[in-house]
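Asker: Pasting a structure below so you can have a look.
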Amino acid sequence: MKRELLIGSTVGAAAPEQVRLDADVLTTHGVILGMTGSGKTGLAIVLLEELARHRVPLVICDLKGDLTNLLLTFPGLTAAEFAPVLPAGDAAGDRAAAAEKVAAKWREGLAKWGLGEADIRALREALDWRLLTPGSGLAPVDLLPALEAPEGYDPDIDPDGARIKLDGTAAGLLAMVDRGGDPLSDRDHVLVATLLDAAWRAGTRLDLAELIRQIAEPPVARFGVLDAEGFYPRKERQDLVLAFNTVLASPAFAAWTRGAPLAMPELIGPAEKPRGTILYLAHLADRERLSFLTLLFSTVLAWTRAQPGSDSLRALLYLDEVQGILPPTAMPPTKPPLLTLLKQGRAFGTGVLLATQNPVDLDYKALGNIGLKLVGRLDTENDRRRALEGLDVGGSDVEATAAALKPREFLLAGARVGAPRTITSRWAMSYLRGPLTLAELKPLLAARGVAPAPPPVRAAAGTTTAAPLLAGIDQLFAAGARLDPHVLVEAEVVVRKASPSLERRLGRQWLAPLAAGRVAWDRLSAHDLLDLDAAPAPGATLGELPGNAEALLRAAAREFAREVDSQAIEVLFHRRLRLVQDEGESRAEFEARCRGLADPADGQKEAAIRRRFEDKLRRVDERVGKKQAEVARHEQETAAREREKTLAVAAGVGDTLLSGLGALFGRRRSIGAAMRKGASAAKTYGAKDRMADQAAARVEQARQEIAQLEQEKSRLADELEQELAALRQRAGDDAAAVEVLRLTPAAKDISVRRVALAWLPGDEAP
């Protein structure tokens with residue numbers, strides 16, 4: 001179904017017409033140009049509102065703080081809703097009066113566009129709106145997922161995709177320390193990209209600490225034809241190590257390692273509840289902003305290339321100010337991934353919408369890949385000329401139109417939107433309050449039900465790189481840079497029940513964290529056999545081990561048996577069918593098995609129903625065929641009557657004329673005889689006319705009967721579907737009538753085979 005975006009109305013016509021765009025136009029990307037006060041941000045918010053109403057996932061980069069206004073939607077349009085967010089200057093006097101004035105303004109503005117409370121509520125509910133503040137503890141973003149290999153990473157199969165992801169991630173990391181350059185010649189970039197590639201090929205997850213260790217001691221033997229020392233001597237690499245370590249040691253960096261992960265599935269949400277994620281970046285320094293945006297663009301690009309091709313808009317990235325991000329001459333780290341996204345995104349349904357005050361902020365290659373252009377007021381004639389030339393929108397009429405634009409008026413152009421025309425943007429449903437600060441965002445987040453981020457998790461005080469000595473106790477180690485101690489119990493647990501008769505044997509490994517002088521049995525979790533090594537990986541650090549760890553481990557078998565004895569496993573049971581869920585069988589699979597056995601005759605019943613209705617439909621089809629043949633016969637008869645009538649009339653007229661002429665020239669036949677013959681012809685014509693009318697009436701009657709038969713077929717088809725649906729509903733209800741059996745093992749049925757000390761990364765802790 002076509003997704004139309006109501007963005008405004010035409011300007012200059014006697015009767016302005018609403019302007020609607022197909023959402024899929026934005027697969028060709030879009031740009032909004034306009035000076036301060038032109039209404040550029042308002043138009044952008046209107047476009048984003050319209051996309052949200054059609055449930056298009058949005059990733060919104062808010063560099064100035066204006067786009068947070070998308071969260072200022074007040075369905076009641078009352079003064080009480082507007083009052084808390086009024087700017088200080090607007091509410092300096094009587095806040096209540098100022099709020100009522102703004103509320104009235106918004107009610108009046110929206111009413112002109114036929115919008116109201118229901119539309120605002122629908123906008124709020126269409127997407128799962130979320131506000132994130134990267135680099136701030138308010139609603140932070142975790143950068144570490146951006147360092148992970150994209151799904152299906154294989155440079156041999158997709159070398160271009162691998163290179164794009166590697167270069168983007170390496171450039172984003174180096175931007176943190178204000179380093180980096182040409183991906184082909186800069187040693188910092190080549191080193192970091194090579195380390196990332198080696199880790200991703202091996203399936204190893206990197207964090208910044210491990211990356212620093214690998215920069216100091218590269219695990220890669222050769223860079224080109226040189227070894228690590230020949231390519232980048234250790235003494236020179238030390239500067240890069242210190243630069244990254246300074247970032248890692250900074251207390252502010254903790255906000256970059258927690259919170260919402262920087263990953264597209266997290267940003268756009270699931271298909272059933274897509275998200276509109278606003279990334280508030282106004283508080284960041286230029287270096288931090290470039291670093292974050294580079295990693296973001298690379299993440300969006302990697303996700304885009306992994307999608308199947310599509311002409312339909314699948315997601316949209318919006319950037320509200322591109323100055324310094326996509327310049328025509330310089331090469332900031334943000335430029336390559338964003339430019340590639342503009343070139344390739346349309347094939348996969350990912351759109352990009354950009355906004356800027358000055359056309360010189362945009363690279364001409366980017367402008368060449370943008371299909372939707374919206375030009376507002378620009379300061380100078382030179383700016384207007386550059387904008388129109390760069391956007392390939394020319395002509396003296398267009399230039400004159402651009403020079404006469406007023407606030408909220410825009411020149412709309414593009415290959416898929418028709419001839420250039422002037423529009424005025426519609427009234428925004430969001431309250432265009434203006435930029436918000438971090439301090440103002442905190443109560444807004446609370447009002448929207450978003451809690452502040454929790455404090456960062458600090459590493460344990462005592463860490464070591466050597467495994468502790470524990471007599472007679474096995475130690476096992478996972479891969480990872482920072483490992484914490486856990487009790488590992490390998491055991492077989494048997495659960496039995498007499499009625500229904502069943503037995504389950506669970507041969508598993510169970511894990512529970514070991515810290516603060518105790519085993520956290522309340523966090524016990526079962527696992528299949530884990531892939532653990534007998535020694536830690538080089539460079540891994542081990543968390544603090546409690547002083548009584550050995551005693552805890554020796555008592556773990558007894559404690560485990562008591563703990564498992566108090567836990568229950570759940571098994572599905574269908575009482576009427578006496579069916580028990582198999583081990584490893586999901587609920588959906590069990591219910592499907594029940595459906596297959598609930599009533600073996602269901603298939604026969606469905607076939608009988610279909611045969612009964614097919615017989616009825618066949619008889620109706622036969623009647624339709626007969627009526628259609630009758631229509632054809634009557635139509636032929638009607639045509640024949642018409643021809644006879646025409647011939648009869650022609651013959652009568654001809655005889656009359658001949659007789660009259662004969663009388664004039666001396667023929668004996670009298671005029672009276674000719675007139676008698678004409679009267680006879682008229683009588684014959686009247687009879688033919690009546691017969692033709694009767695034939696036409698029979699045709700019309702047959703057609704009406706055919707229409708009634710077609711309605712009968714439609715009714716029978718509906719009845720067939722209703723009976724089949726009722727049959728399936730009864731079968732489904734019967735199959736879904738399952739119970740949950742809670743089974744607990746007896747102490748005698750718990751056999752502990754092994755207890756060990758397992759060292760696991762913190763994010764794998766149960």
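Numbering starts fresh at 1 for the residues of each chain in the structure tokens, the chains themselves are lettered A, B, ... in the order given, and ligands are numbered from 1 as they appear.
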I want to know what sits within 10 Å of A:Leu552, based on only C-alpha atoms, with residues of the same chain fewer than 5 positions away left out; could you give that as a PDB file with C-alpha atoms, in the first residue's frame?

Answerer:
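Saved file around-v4.pdb follows:
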ATOM      1  CA  VAL A 487      31.705 -22.408  40.427  1.00  0.00           C
ATOM      2  CA  LEU A 514      31.816 -16.784  43.200  1.00  0.00           C
ATOM      3  CA  GLY A 517      33.034 -14.843  50.220  1.00  0.00           C
ATOM      4  CA  ARG A 518      30.004 -16.792  48.930  1.00  0.00           C
ATOM      5  CA  VAL A 519      28.593 -18.747  45.989  1.00  0.00           C
ATOM      6  CA  PRO A 546      37.658 -14.897  47.745  1.00  0.00           C
ATOM      7  CA  GLY A 547      40.046 -16.147  50.438  1.00  0.00           C
ATOM      8  CA  ALA A 557      28.697 -30.536  45.395  1.00  0.00           C
ATOM      9  CA  GLU A 559      25.275 -27.232  48.212  1.00  0.00           C
TER      10      GLU A 559
END

Asker: Compile the contact shell of stretch 47-57 of chain A as a VMD selection string: residues with an atom at most 9 Å away, counting only C-alpha atoms, same-chain residues fewer than 5 positions apart removed.

Answerer: chain A and resid 3 to 7 23 42 70 119 122 to 127 267 to 269 271 273 to 277 313 to 318 428 to 430

Asker: Any chance you could list, as a list in words, the residues in stretch 512-551 of chain A that come up helix (DSSP H, G or I) when DSSP is run on the backbone?

Answerer: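 Taking stretch 512-551 of chain A and keeping helix (DSSP H, G or I) only, one gets Trp521, Asp522, Arg523, Ala549, Glu550 and Ala551 of chain A.
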
Asker: Between A:Lys497, A:Arg623, A:Arg95, A:Lys373, single out the one closest to A:Glu81, counting only C-alpha atoms.

Answerer: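 Among the listed residues, A:Arg95 lies closest to A:Glu81.
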
Asker: Can you pull out every residue from stretch 280-432 of chain A that DSSP, working from the backbone, puts in strand (DSSP E or B), and format the result as a PyMOL selection string?

Answerer: chain A and resi 280+315-319+350-356+372-375+409-413+421-425

Asker: Write a file of the just-selected residues containing C-alpha atoms, as an mmCIF file, in the first residue's frame.

Answerer:
data_model
loop_
_atom_site.group_PDB
_atom_site.id
_atom_site.type_symbol
_atom_site.label_atom_id
_atom_site.label_comp_id
_atom_site.auth_asym_id
_atom_site.auth_seq_id
_atom_site.Cartn_x
_atom_site.Cartn_y
_atom_site.Cartn_z
ATOM 1 C CA TYR A 280 21.267 13.765 21.118
ATOM 2 C CA ALA A 315 14.619 2.704 7.466
ATOM 3 C CA LEU A 316 15.759 6.331 7.407
ATOM 4 C CA LEU A 317 18.853 8.054 8.806
ATOM 5 C CA TYR A 318 18.400 11.799 9.451
ATOM 6 C CA LEU A 319 21.236 14.259 10.062
ATOM 7 C CA THR A 350 17.797 2.636 3.468
ATOM 8 C CA GLY A 351 17.170 6.350 3.003
ATOM 9 C CA VAL A 352 19.235 9.322 4.165
ATOM 10 C CA LEU A 353 17.785 12.780 4.808
ATOM 11 C CA LEU A 354 20.241 15.650 5.315
ATOM 12 C CA ALA A 355 19.740 19.255 6.362
ATOM 13 C CA THR A 356 22.141 22.171 6.291
ATOM 14 C CA LEU A 372 14.535 14.831 -3.268
ATOM 15 C CA LYS A 373 15.453 18.517 -2.906
ATOM 16 C CA LEU A 374 13.801 21.111 -0.659
ATOM 17 C CA VAL A 375 15.314 24.597 -0.895
ATOM 18 C CA GLU A 409 8.224 28.145 2.116
ATOM 19 C CA PHE A 410 10.372 25.736 0.114
ATOM 20 C CA LEU A 411 11.090 24.956 -3.486
ATOM 21 C CA LEU A 412 10.277 21.262 -3.954
ATOM 22 C CA ALA A 413 12.112 19.512 -6.771
ATOM 23 C CA ARG A 421 6.940 24.006 -7.232
ATOM 24 C CA THR A 422 6.719 26.144 -4.139
ATOM 25 C CA ILE A 423 5.162 24.687 -1.013
ATOM 26 C CA THR A 424 4.568 25.757 2.549
ATOM 27 C CA SER A 425 5.163 23.144 5.225
#

Asker: Under the rule that only C-alpha atoms are counted, which of A:Leu432, A:Ala216, A:Ile609, A:Ala746 is the nearest residue to A:Ala726?

Answerer: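 The closest residue to A:Ala726 is A:Ile609.
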
Asker: Quick one: everything within 9 Å of A:Ile473, counting only C-alpha atoms, minus sequence neighbours fewer than 6 positions away in the same chain. Send it as JSON, numbers by chain.

Answerer: {"A": [550, 553, 554, 755, 756, 757]}

Asker: With distances taken over only C-alpha atoms, which of A:Gln238, A:Thr401, A:Thr36, A:Gln323 is nearest to A:Ile212?

Answerer: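 Checking each of A:Gln238, A:Thr401, A:Thr36, A:Gln323 against A:Ile212, counting only C-alpha atoms, the winner is A:Gln238.
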
Asker: Nearest residue to A:Arg508 out of A:Leu529, A:Val31, A:Ile215, A:Ala520, using only C-alpha atoms?

Answerer: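 Selected residue with least distance to A:Arg508: A:Leu529.
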
Asker: Stretch 255-258 of chain A: which residues within 8 Å, counting only C-alpha atoms, same-chain residues fewer than 6 positions away excluded, as a PyMOL selection string?

Answerer: chain A and resi 134-137+140-144+456

Asker: What does the file look like for those residues with N, CA and C atoms, as a compact mmCIF listing (two decimals), in the first residue's frame?

Answerer:
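What follows is the written file part_25.txt:
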# COMPACT_ATOMS: atom_id res chain seq x y z
N PRO A 134 24.63 9.83 23.74
CA PRO A 134 25.97 9.24 23.72
C PRO A 134 26.99 10.12 24.44
N GLY A 135 27.86 9.47 25.23
CA GLY A 135 28.89 10.21 25.95
C GLY A 135 28.40 10.86 27.22
N SER A 136 27.12 10.70 27.55
CA SER A 136 26.55 11.26 28.77
C SER A 136 25.96 10.13 29.59
N GLY A 137 26.02 10.25 30.91
CA GLY A 137 25.46 9.23 31.78
C GLY A 137 23.95 9.24 31.83
N PRO A 140 23.14 6.74 28.05
CA PRO A 140 24.36 6.51 27.27
C PRO A 140 24.21 5.46 26.18
N VAL A 141 25.21 5.41 25.32
CA VAL A 141 25.29 4.43 24.24
C VAL A 141 26.61 3.68 24.37
N ASP A 142 26.52 2.36 24.32
CA ASP A 142 27.71 1.50 24.42
C ASP A 142 28.32 1.35 23.03
N LEU A 143 29.59 1.81 22.87
CA LEU A 143 30.25 1.74 21.57
C LEU A 143 30.80 0.36 21.26
N LEU A 144 30.96 -0.49 22.27
CA LEU A 144 31.66 -1.76 22.06
C LEU A 144 31.00 -2.63 20.99
N PRO A 456 28.41 2.94 36.06
CA PRO A 456 29.21 1.91 35.42
C PRO A 456 29.68 0.86 36.42
